[in-house]
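Peer 1: my_file_23.txt is reproduced in full below (compact mmCIF, C-alpha atoms and all ligand atoms).
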```
# COMPACT_ATOMS: atom_id res chain seq x y z
CA MET W 600 126.26 109.45 81.04
CA MET W 601 124.56 106.57 79.24
CA ILE W 602 125.34 103.28 80.91
CA THR W 603 123.15 100.55 79.60
CA ASP W 604 122.26 97.34 81.37
CA HIS W 605 124.05 95.65 78.47
CA LEU W 606 127.36 97.26 79.47
CA ILE W 607 126.91 96.19 83.08
CA ALA W 608 126.09 92.64 81.99
CA VAL W 609 129.20 92.45 79.80
CA TYR W 610 131.77 94.33 81.90
CA ASP W 611 130.81 93.76 85.53
CA ARG W 612 133.28 90.90 85.81
CA PRO W 613 135.86 90.00 88.44
CA VAL W 614 138.96 92.14 88.00
CA PRO W 615 141.70 93.24 90.41
CA ARG W 616 141.65 96.61 92.15
CA TYR W 617 145.27 97.08 91.03
CA THR W 618 146.73 98.29 94.29
CA SER W 619 149.77 96.39 93.03
CA TYR W 620 150.93 94.79 89.78
CA PRO W 621 151.43 91.86 89.61
CA THR W 622 148.51 91.47 92.00
CA ALA W 623 148.52 89.51 95.28
CA PRO W 624 147.16 86.20 93.85
CA HIS W 625 150.44 85.94 91.93
CA PHE W 626 152.62 86.10 95.04
CA HIS W 627 154.43 82.79 95.65
CA GLY W 628 156.50 81.14 98.36
CA GLY W 629 159.75 81.40 96.38
CA ILE W 630 160.09 84.96 97.69
CA GLY W 631 160.65 85.02 101.46
CA PRO W 632 162.88 86.40 104.24
CA ASP W 633 166.10 86.04 102.21
CA ALA W 634 164.71 88.10 99.34
CA MET W 635 163.39 90.70 101.75
CA THR W 636 166.77 91.04 103.46
CA GLU W 637 168.47 91.32 100.08
CA TRP W 638 165.98 93.93 98.85
CA LEU W 639 166.32 95.97 102.06
CA ILE W 640 170.13 95.96 101.80
CA ALA W 641 170.04 96.92 98.12
CA LEU W 642 167.97 100.08 98.67
CA PRO W 643 169.83 103.29 97.82
CA ALA W 644 170.90 104.94 101.11
CA ASP W 645 168.77 108.02 100.62
CA ALA W 646 165.66 106.33 99.17
CA PRO W 647 162.67 107.69 101.13
CA LEU W 648 160.58 105.08 102.90
CA SER W 649 156.92 104.75 103.64
CA LEU W 650 155.86 102.55 106.57
CA TYR W 651 152.64 100.58 107.07
CA ILE W 652 151.68 99.06 110.42
CA HIS W 653 148.92 96.44 110.36
CA VAL W 654 147.02 96.08 113.65
CA PRO W 655 144.95 92.89 113.21
CA PHE W 656 142.42 93.21 116.03
CA CYS W 657 138.81 94.32 116.38
CA LYS W 658 136.27 94.21 119.19
CA LYS W 659 133.38 92.91 117.08
CA MET W 660 133.10 91.39 113.61
CA CYS W 661 131.40 93.49 110.93
CA TRP W 662 129.75 90.98 108.66
CA TYR W 663 130.89 92.69 105.46
CA CYS W 664 134.54 92.69 106.61
CA GLY W 665 137.16 91.72 104.02
CA CYS W 666 140.19 92.65 106.12
CA ASN W 667 142.76 90.53 107.88
CA THR W 668 141.67 90.78 111.52
CA GLN W 669 140.70 88.76 114.57
CA ILE W 670 138.10 89.49 117.20
CA VAL W 671 139.48 89.77 120.71
CA ALA W 672 137.58 90.12 123.97
CA ARG W 673 140.70 90.53 126.15
CA HIS W 674 143.64 92.89 125.72
CA GLN W 675 146.39 90.30 126.28
CA PRO W 676 146.77 89.33 122.57
CA VAL W 677 147.08 93.02 121.65
CA ALA W 678 149.75 93.53 124.31
CA GLU W 679 151.69 90.49 123.01
CA PHE W 680 151.31 91.73 119.44
CA THR W 681 152.80 95.08 120.48
CA GLU W 682 155.93 93.43 121.88
CA THR W 683 156.40 91.39 118.69
CA LEU W 684 155.80 94.44 116.52
CA LEU W 685 158.47 96.38 118.42
CA ALA W 686 160.89 93.51 117.76
CA GLU W 687 159.98 93.50 114.05
CA ILE W 688 160.56 97.27 113.80
CA ALA W 689 163.96 96.87 115.50
CA ARG W 690 164.91 93.93 113.22
CA ILE W 691 164.17 95.78 109.99
CA GLY W 692 165.64 99.03 111.34
CA ASP W 693 168.87 97.18 112.21
CA ILE W 694 169.16 95.61 108.73
CA LEU W 695 168.73 99.01 107.09
CA LYS W 696 171.16 100.77 109.43
CA ALA W 697 173.80 98.05 108.97
CA SER W 698 173.56 98.56 105.22
CA GLY W 699 174.15 102.31 105.63
CA HIS W 700 170.59 103.36 104.84
CA LYS W 701 169.52 106.77 106.16
CA CYS W 702 166.02 105.44 106.98
CA GLN W 703 164.25 108.66 106.03
CA VAL W 704 160.51 108.18 106.29
CA SER W 705 157.95 110.38 104.55
CA SER W 706 154.78 108.59 105.60
CA VAL W 707 153.50 106.24 108.32
CA HIS W 708 150.09 104.61 108.03
CA PHE W 709 148.36 102.55 110.74
CA GLY W 710 145.71 100.24 109.28
CA GLY W 711 143.87 97.13 110.29
CA GLY W 712 141.82 95.70 111.80
CA THR W 713 141.34 98.55 114.18
CA PRO W 714 144.52 100.45 115.08
CA ASN W 715 142.76 102.03 118.05
CA SER W 716 142.57 98.52 119.56
CA LEU W 717 146.03 99.44 120.83
CA ALA W 718 146.17 100.95 124.29
CA PRO W 719 147.36 104.58 124.17
CA ASP W 720 150.72 103.73 125.76
CA GLU W 721 151.24 100.86 123.25
CA PHE W 722 150.56 103.23 120.37
CA GLU W 723 153.07 105.72 121.77
CA ARG W 724 155.69 103.02 122.32
CA ILE W 725 155.32 101.92 118.69
CA MET W 726 155.76 105.51 117.51
CA ALA W 727 158.78 105.90 119.81
CA ALA W 728 160.31 102.73 118.32
CA LEU W 729 159.71 104.04 114.80
CA GLY W 730 161.33 107.34 115.84
CA HIS W 731 164.31 105.45 117.25
CA HIS W 732 164.95 103.23 114.23
CA PHE W 733 163.86 105.58 111.44
CA ALA W 734 164.27 109.28 110.69
CA LEU W 735 160.71 110.60 110.85
CA GLY W 736 160.70 113.95 109.05
CA ALA W 737 159.16 117.11 110.53
CA ASP W 738 156.58 117.07 107.73
CA LEU W 739 155.73 113.39 108.30
CA ASP W 740 152.36 112.26 106.98
CA LEU W 741 151.07 110.25 109.95
CA ALA W 742 147.75 108.58 109.21
CA ILE W 743 145.51 106.18 111.11
CA GLU W 744 142.33 104.23 110.41
CA LEU W 745 139.85 104.47 113.29
CA ASP W 746 136.67 102.80 114.43
CA PRO W 747 134.45 105.64 115.70
CA ARG W 748 132.75 103.25 118.15
CA THR W 749 135.94 102.77 120.13
CA VAL W 750 137.94 106.01 119.90
CA ASP W 751 138.26 107.26 123.48
CA ALA W 752 139.79 110.31 125.14
CA GLY W 753 142.96 108.43 126.09
CA PHE W 754 143.65 107.38 122.50
CA LEU W 755 142.86 110.86 121.19
CA ALA W 756 145.37 112.34 123.64
CA ALA W 757 148.02 109.83 122.48
CA MET W 758 147.29 110.72 118.85
CA ARG W 759 147.81 114.38 119.66
CA ARG W 760 151.08 113.68 121.52
CA VAL W 761 152.63 111.67 118.67
CA GLY W 762 151.39 114.11 116.02
CA VAL W 763 148.85 112.11 114.00
CA ASN W 764 147.69 114.46 111.26
CA ARG W 765 145.37 112.31 109.13
CA ALA W 766 142.56 110.00 110.19
CA SER W 767 140.12 107.80 108.34
CA LEU W 768 136.82 106.75 109.90
CA GLY W 769 134.86 103.69 108.82
CA VAL W 770 131.26 104.83 108.34
CA GLN W 771 129.79 102.62 105.55
CA ASP W 772 126.16 103.82 105.80
CA PHE W 773 124.21 105.88 108.35
CA ASP W 774 120.94 103.98 107.85
CA PRO W 775 120.17 102.03 111.07
CA VAL W 776 118.61 99.18 109.06
CA VAL W 777 121.78 98.73 107.00
CA GLN W 778 123.97 99.08 110.10
CA ALA W 779 121.99 96.38 111.90
CA ALA W 780 122.18 94.08 108.85
CA VAL W 781 126.01 94.25 108.86
CA ASN W 782 126.44 94.08 112.64
CA ARG W 783 127.97 97.54 112.92
CA VAL W 784 125.75 100.02 114.73
CA GLN W 785 127.16 103.55 115.00
CA PRO W 786 124.54 106.29 114.93
CA PHE W 787 125.21 109.55 113.10
CA ASP W 788 125.58 111.51 116.35
CA MET W 789 128.29 109.12 117.52
CA VAL W 790 130.26 109.64 114.30
CA ARG W 791 129.73 113.42 114.47
CA GLY W 792 131.06 113.44 118.05
CA CYS W 793 134.11 111.47 116.93
CA VAL W 794 134.77 113.87 114.03
CA GLU W 795 134.60 116.86 116.40
CA SER W 796 136.99 115.18 118.84
CA LEU W 797 139.44 114.38 116.06
CA ARG W 798 139.45 117.98 114.89
CA ASP W 799 140.04 119.10 118.49
CA ALA W 800 142.95 116.62 118.61
CA GLY W 801 144.68 118.39 115.71
CA ILE W 802 143.70 116.17 112.79
CA ARG W 803 144.17 118.30 109.68
CA SER W 804 142.87 115.82 107.13
CA LEU W 805 139.85 113.61 107.66
CA ASN W 806 138.53 110.81 105.45
CA LEU W 807 135.24 108.94 105.73
CA ASP W 808 134.83 105.49 104.17
CA LEU W 809 131.39 104.75 102.72
CA ILE W 810 130.32 101.45 101.15
CA TYR W 811 127.64 100.73 98.54
CA GLY W 812 126.25 97.31 97.66
CA LEU W 813 125.49 96.43 101.30
CA PRO W 814 122.29 94.66 102.37
CA PHE W 815 119.11 96.75 102.22
CA GLN W 816 120.86 99.76 100.70
CA SER W 817 118.92 101.83 98.20
CA VAL W 818 119.62 104.81 95.98
CA SER W 819 117.59 107.14 98.21
CA GLY W 820 119.22 105.74 101.37
CA LEU W 821 122.71 106.25 99.95
CA ARG W 822 121.85 109.83 98.95
CA ARG W 823 120.83 110.41 102.58
CA THR W 824 124.07 108.88 103.85
CA VAL W 825 126.14 111.01 101.48
CA SER W 826 124.31 114.15 102.57
CA GLN W 827 124.99 113.33 106.24
CA ALA W 828 128.64 112.56 105.44
CA VAL W 829 128.98 115.88 103.59
CA GLU W 830 127.50 117.67 106.63
CA LEU W 831 130.59 116.52 108.55
CA ALA W 832 132.78 118.19 105.88
CA PRO W 833 135.52 115.55 105.62
CA ASP W 834 138.39 116.41 103.27
CA ARG W 835 137.98 113.08 101.49
CA ILE W 836 135.29 110.46 101.08
CA ALA W 837 136.00 106.97 99.78
CA LEU W 838 133.10 105.12 98.19
CA PHE W 839 133.91 101.42 98.03
CA GLY W 840 131.80 98.61 96.60
CA TYR W 841 131.06 95.79 99.03
CA ALA W 842 132.88 92.66 97.88
CA HIS W 843 130.70 89.66 98.77
CA VAL W 844 133.14 86.74 98.79
CA PRO W 845 131.77 84.30 101.42
CA TRP W 846 133.92 81.48 99.99
CA MET W 847 136.96 83.51 101.17
CA LYS W 848 135.40 85.27 104.18
CA PRO W 849 132.98 82.77 105.80
CA HIS W 850 131.51 85.34 108.24
CA GLN W 851 129.98 87.06 105.20
CA ARG W 852 127.54 84.11 105.10
CA LEU W 853 125.77 85.94 107.93
CA ILE W 854 124.63 88.41 105.28
CA ASP W 855 121.52 87.14 103.56
CA ASP W 856 122.19 86.98 99.80
CA ALA W 857 118.59 87.99 99.17
CA SER W 858 119.16 91.34 100.90
CA LEU W 859 122.01 92.29 98.55
CA PRO W 860 121.52 94.54 95.51
CA ASP W 861 122.28 93.03 92.08
CA SER W 862 124.88 94.49 89.69
CA TYR W 863 122.43 96.95 88.18
CA ALA W 864 121.28 98.25 91.57
CA ARG W 865 124.90 98.47 92.77
CA PHE W 866 125.80 100.53 89.75
CA ARG W 867 122.88 102.92 90.29
CA GLN W 868 123.80 103.26 93.96
CA PHE W 869 127.36 104.21 93.08
CA GLU W 870 126.20 106.68 90.45
CA ALA W 871 123.69 108.32 92.81
CA ALA W 872 126.27 108.66 95.60
CA ALA W 873 128.92 109.93 93.17
CA GLN W 874 126.56 112.54 91.70
CA ALA W 875 125.63 113.73 95.19
CA LEU W 876 129.31 114.10 96.06
CA LEU W 877 130.10 115.97 92.85
CA ALA W 878 127.17 118.30 93.55
CA ALA W 879 128.64 118.96 96.99
CA ASP W 880 131.90 120.16 95.34
CA TYR W 881 133.89 116.97 95.87
CA ALA W 882 135.94 115.92 92.82
CA ARG W 883 136.27 112.31 91.77
CA ILE W 884 139.76 110.90 92.24
CA GLY W 885 140.34 107.72 90.29
CA LEU W 886 138.08 104.80 90.90
CA ASP W 887 136.46 105.47 94.25
CA HIS W 888 137.75 108.55 96.05
CA PHE W 889 136.27 112.03 96.27
CA ALA W 890 138.12 115.09 97.55
CA LYS W 891 137.29 118.66 98.51
CA PRO W 892 138.96 121.61 96.73
CA GLY W 893 142.50 122.09 97.96
CA ASP W 894 142.86 118.50 99.23
CA ALA W 895 146.27 117.01 98.48
CA LEU W 896 144.77 114.07 96.52
CA ARG W 897 142.94 116.48 94.27
CA VAL W 898 146.04 118.61 93.73
CA ALA W 899 148.05 115.45 92.95
CA ARG W 900 145.42 114.32 90.45
CA ASP W 901 145.55 117.71 88.73
CA ASN W 902 149.35 117.87 88.54
CA ARG W 903 149.59 114.15 87.67
CA THR W 904 151.64 113.09 90.69
CA LEU W 905 148.90 110.89 92.18
CA LYS W 906 150.00 107.32 92.97
CA ARG W 907 148.28 104.08 93.84
CA ASN W 908 149.49 101.65 96.49
CA PHE W 909 148.09 99.14 98.99
CA GLN W 910 146.30 101.92 100.86
CA GLY W 911 144.57 103.01 97.65
CA TYR W 912 145.21 106.47 96.18
CA THR W 913 148.08 108.37 97.76
CA VAL W 914 150.26 111.43 97.34
CA ASP W 915 153.21 109.59 98.87
CA ARG W 916 156.15 109.58 96.45
CA ALA W 917 158.29 106.95 98.17
CA ASP W 918 158.96 103.91 95.94
CA THR W 919 159.55 101.70 98.96
CA LEU W 920 156.84 100.74 101.40
CA ILE W 921 157.76 98.56 104.38
CA GLY W 922 154.89 96.67 105.99
CA PHE W 923 154.93 95.53 109.65
CA GLY W 924 152.52 93.12 111.31
CA PRO W 925 150.72 89.97 110.12
CA SER W 926 149.70 90.03 106.42
CA ALA W 927 151.37 93.41 105.82
CA ILE W 928 152.72 93.81 102.29
CA SER W 929 155.96 95.60 101.48
CA ALA W 930 156.72 97.12 98.09
CA PHE W 931 160.32 97.42 96.91
CA PRO W 932 161.69 98.53 93.54
CA GLN W 933 162.56 94.82 93.10
CA GLY W 934 159.10 93.42 93.94
CA TYR W 935 156.40 92.83 96.52
CA ILE W 936 156.61 90.73 99.64
CA GLN W 937 153.99 89.80 102.23
CA ASN W 938 154.27 88.83 105.88
CA ALA W 939 152.68 85.63 107.16
CA PRO W 940 148.95 86.41 107.29
CA ASP W 941 148.25 84.67 110.59
CA HIS W 942 149.39 86.01 113.91
CA ALA W 943 151.08 82.84 115.22
CA PRO W 944 153.58 82.22 112.35
CA TRP W 945 154.30 85.95 112.13
CA ALA W 946 155.05 86.13 115.88
CA ARG W 947 157.09 82.88 115.77
CA ALA W 948 159.32 84.16 112.96
CA ILE W 949 159.98 87.48 114.68
CA GLY W 950 160.48 85.73 118.04
CA GLU W 951 163.16 83.54 116.42
CA GLY W 952 164.96 86.60 115.06
CA ARG W 953 163.83 86.06 111.47
CA LEU W 954 161.76 88.23 109.14
CA ALA W 955 158.15 87.11 108.81
CA ALA W 956 157.95 87.38 105.00
CA CYS W 957 156.23 84.32 103.53
CA LYS W 958 155.47 85.07 99.87
CA GLY W 959 155.91 87.68 97.20
CA VAL W 960 156.83 88.31 93.62
CA ALA W 961 159.87 89.81 91.89
CA ILE W 962 159.10 92.44 89.28
CA THR W 963 160.51 92.16 85.77
CA ASP W 964 161.16 95.13 83.46
CA GLU W 965 158.04 94.14 81.54
CA ASP W 966 156.04 94.12 84.80
CA GLN W 967 157.32 97.61 85.59
CA ARG W 968 156.14 98.94 82.24
CA ARG W 969 152.72 97.39 82.61
CA ARG W 970 152.49 98.48 86.25
CA ALA W 971 153.17 102.10 85.28
CA ILE W 972 150.53 101.98 82.52
CA ILE W 973 147.95 100.41 84.84
CA GLU W 974 148.70 103.00 87.54
CA GLN W 975 148.19 105.85 85.06
CA ILE W 976 144.85 104.41 83.98
CA MET W 977 143.72 103.89 87.58
CA CYS W 978 144.87 107.38 88.67
CA PHE W 979 144.17 109.59 85.67
CA GLY W 980 142.06 107.57 83.22
CA ARG W 981 144.61 108.45 80.57
CA VAL W 982 148.00 107.16 79.48
CA ASP W 983 150.37 107.81 76.61
CA LEU W 984 151.63 104.32 75.82
CA ALA W 985 154.60 105.81 73.98
CA ASP W 986 155.94 107.05 77.37
CA PHE W 987 156.48 103.39 78.24
CA SER W 988 157.59 102.21 74.79
CA PHE W 989 154.45 100.12 74.64
CA ASP W 990 153.03 99.27 71.24
CA PRO W 991 149.21 99.71 71.41
CA ALA W 992 148.93 96.71 69.08
CA ASP W 993 150.09 94.50 71.96
CA ALA W 994 146.94 95.27 73.95
CA LEU W 995 144.56 95.77 71.06
CA ALA W 996 142.74 92.46 71.41
CA GLY W 997 141.70 93.39 74.96
CA LEU W 998 141.02 97.03 74.15
CA MET W 999 138.96 96.69 70.98
CA PRO W 1000 135.68 95.65 72.64
CA LEU W 1001 136.09 98.50 75.15
CA ILE W 1002 136.75 100.98 72.35
CA ASP W 1003 133.80 99.65 70.32
CA ASP W 1004 131.53 100.06 73.34
CA GLY W 1005 132.71 103.64 73.90
CA LEU W 1006 134.42 102.93 77.23
CA ALA W 1007 137.91 103.85 76.01
CA HIS W 1008 139.35 105.90 73.20
CA LEU W 1009 142.68 105.33 71.45
CA ASN W 1010 144.20 108.26 69.59
CA GLY W 1011 147.59 107.21 68.24
CA THR W 1012 149.36 106.03 71.37
CA VAL W 1013 147.16 107.94 73.84
CA LEU W 1014 144.55 105.83 75.57
CA THR W 1015 141.75 107.63 77.42
CA VAL W 1016 138.99 106.18 79.55
CA THR W 1017 135.82 107.96 78.44
CA GLU W 1018 133.28 109.31 80.92
CA ARG W 1019 131.10 106.37 79.99
CA GLY W 1020 134.00 104.05 80.76
CA LEU W 1021 134.81 105.50 84.22
CA PRO W 1022 132.82 102.86 86.12
CA PHE W 1023 134.83 100.23 84.23
CA GLN W 1024 138.28 101.74 84.78
CA ARG W 1025 139.53 98.47 86.30
CA VAL W 1026 138.40 96.59 83.18
CA VAL W 1027 140.35 99.01 80.94
CA ALA W 1028 143.43 98.58 83.17
CA ALA W 1029 143.00 94.80 82.97
CA ALA W 1030 143.70 94.95 79.21
CA PHE W 1031 147.37 95.50 80.21
CA ASP W 1032 147.47 92.74 82.83
CA ALA W 1033 149.59 89.95 81.38
CA TYR W 1034 148.80 87.65 84.32
CA LEU W 1035 145.04 87.91 84.38
CA VAL W 1036 143.31 84.60 83.99
CA PRO W 1037 139.55 84.61 83.84
CA GLU W 1038 138.68 83.12 87.19
CA ALA W 1039 135.39 84.16 88.69
CA LYS W 1040 136.29 83.83 92.33
CA ARG W 1041 139.64 85.56 92.70
CA HIS W 1042 138.66 89.20 92.51
CA SER W 1043 135.70 91.39 93.32
CA ARG W 1044 133.35 92.54 90.56
CA ALA W 1045 134.17 95.65 88.56
CA VAL W 1046 131.11 97.68 89.61
S1 LIG L 1 136.17 97.24 112.17
FE1 LIG L 1 137.00 97.04 110.08
S2 LIG L 1 138.54 95.43 110.21
FE2 LIG L 1 137.29 95.29 112.08
S3 LIG L 1 135.72 93.76 111.60
FE3 LIG L 1 134.86 95.78 111.11
S4 LIG L 1 135.35 96.08 108.92
FE4 LIG L 1 136.64 94.42 109.68
```
What do you get writing this file as structure tokens?
Peer 2:
Amino acid sequence: MMITDHLIAVYDRPVPRYTSYPTAPHFHGGIGPDAMTEWLIALPADAPLSLYIHVPFCKKMCWYCGCNTQIVARHQPVAEFTETLLAEIARIGDILKASGHKCQVSSVHFGGGTPNSLAPDEFERIMAALGHHFALGADLDLAIELDPRTVDAGFLAAMRRVGVNRASLGVQDFDPVVQAAVNRVQPFDMVRGCVESLRDAGIRSLNLDLIYGLPFQSVSGLRRTVSQAVELAPDRIALFGYAHVPWMKPHQRLIDDASLPDSYARFRQFEAAAQALLAADYARIGLDHFAKPGDALRVARDNRTLKRNFQGYTVDRADTLIGFGPSAISAFPQGYIQNAPDHAPWARAIGEGRLAACKGVAITDEDQRRRAIIEQIMCFGRVDLADFSFDPADALAGLMPLIDDGLAHLNGTVLTVTERGLPFQRVVAAAFDAYLVPEAKRHSRAV
């Protein structure tokens, strides 16, 4: 693939990751608890649900962190959070039940933060509450994000008891120099031990998260990290670009700008890691995921049922995602809605018997069309605009430079991202974003 420095200079610009459309910067305070109640009540009784639980606690701050979390030295805040979360689950469960909804759930995802900040009995109580208020199917997809530094035998036993079947481990890079530079030291042997314990605990699908663009990373170092990751034989590997946004995440100022790779080096790091993964028989899924043969993401890509939501690429088919916990985002057929990002207002709202929704956006028919097109581009790199009654002429101004530079190809109404254009998939999708305003500091860079 020929990617010139010219292309990187022109197209490595801030664009959304399109885990939603319209994207989160367009959420507004006009959508709140009343809208959420209305949207919950309006759901068809048998609409399958997907649940997301945000656990906003960690033991130690990783300096690259872009998540909504807080560092806690004591367990008390986590215990209080658990009680509030149980009340939030009951509140939403009651609204759905009162409206006659069957509450069938196909997928539950624990993210954070660090979900294994919960004590084992807290985790089991949360699962019991979900089981009480929702119908968790026998084939439930039950996934959790884990910090390998803090997964202990007690938590593993709880995971086994509640039937967790998918786990994702944050790895980033195995190089001790890089780990020290981002304040997250976890030697390879520690991660290998964690992987073995997870497999013993019945995890059938394992994902490792890697990051490129971190301080002191190099092409050769990333190749080494990928080779070590492949040795652990995870079913999936995600390869994310570090988003350096210290104006939004002040702790990132602890990372010395001078130690960060520039756009060109970042691009070469991604390419080197991606090539190493392809050579190890992982297939590229969308923007940043890689999956082994037989993995559900890979099957979904091949049969064109792959979806994209706030957790990234998913095989979950539910159109409704209900988020619990501070900052959690819910997706309804009618729009998106986000809980209060900070713990205190979230806990206050739930404590007062209200929902904690604080902002969101309603989706118009035009948004739905554009969202479907953007999702197809992000998942498959190809979309037939005629399927969405979309006239290519309406996006031609944004697409023409991409087509001229060989990043996309338009044949009638079928738009394809070329191999050359794959690293710029988000930029191609952005041609259909009616809300996008060029603003350097809102989104991470494309590469
Ligand atoms: S463990 Fe994850 S959420 Fe917690 S500080 Fe590190 S990167 Fe952020």
Peer 1: Can you pull out every residue with an atom within 7 Å of ligand LIG 1 (chain L)? Use all atoms listed in the file and format it as a PyMOL selection string.
Peer 2: chain W and resi 656-657+659-661+663-668+711-713+746
Peer 1: Which is closer to Ala1030 of chain W than all the others in W:Val614, W:Leu648, W:Leu755, W:Gln778, using all atoms listed in the file?
Peer 2: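 Smallest distance to Ala1030 of chain W is found for W:Val614.
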Peer 1: Tell me, as JSON, numbers by chain, which residues lie within 12 Å of segment 858-860 of chain W, counting all atoms listed in the file; anything in the same chain fewer than 2 positions away does not count.
Peer 2: {"W": [663, 776, 777, 780, 781, 811, 812, 813, 814, 815, 816, 817, 818, 840, 841, 842, 843, 851, 852, 853, 854, 855, 856, 862, 863, 864, 865, 866, 867, 868, 869, 1046]}
Peer 1: Excluding Cys702 of chain W and any residue of its chain fewer than 5 positions from it, enumerate the residues within 10 Å of it, using only C-alpha atoms, and give them as a PyMOL selection string.
Peer 2: chain W and resi 644-649+692+695-696+732-735
Peer 1: Figure out the distance between atom CA of Glu679 of chain W and atom CA of Ser716 of chain W, please, to one decimal in Å.
Peer 2: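 These two atoms are separated by 12.6 Å.
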Peer 1: Any idea what's packed within 7 Å of Asp983 of chain W, counting all atoms listed in the file, ignoring anything in its chain fewer than 5 positions away? Could you give it as a list in words?
Peer 2: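 In the requested form, the answer reads Thr1012, Val1013 and Leu1014 of chain W.
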Peer 1: Please write the residues from the selection above to a file, keeping C-alpha atoms, as a PDB file, in the frame of the given file.
Peer 2:
```
ATOM      1  CA  THR W1012     149.360 106.030  71.370  1.00  0.00           C
ATOM      2  CA  VAL W1013     147.160 107.940  73.840  1.00  0.00           C
ATOM      3  CA  LEU W1014     144.550 105.830  75.570  1.00  0.00           C
TER       4      LEU W1014
END
```
Peer 1: My list of candidates is W:Tyr1034, W:Trp945, W:Phe773, W:Phe909. Which is closest to Ser926 of chain W when distances are computed with only C-alpha atoms?
Peer 2: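 Checking each candidate against Ser926 of chain W, we get W:Trp945 as the closest.
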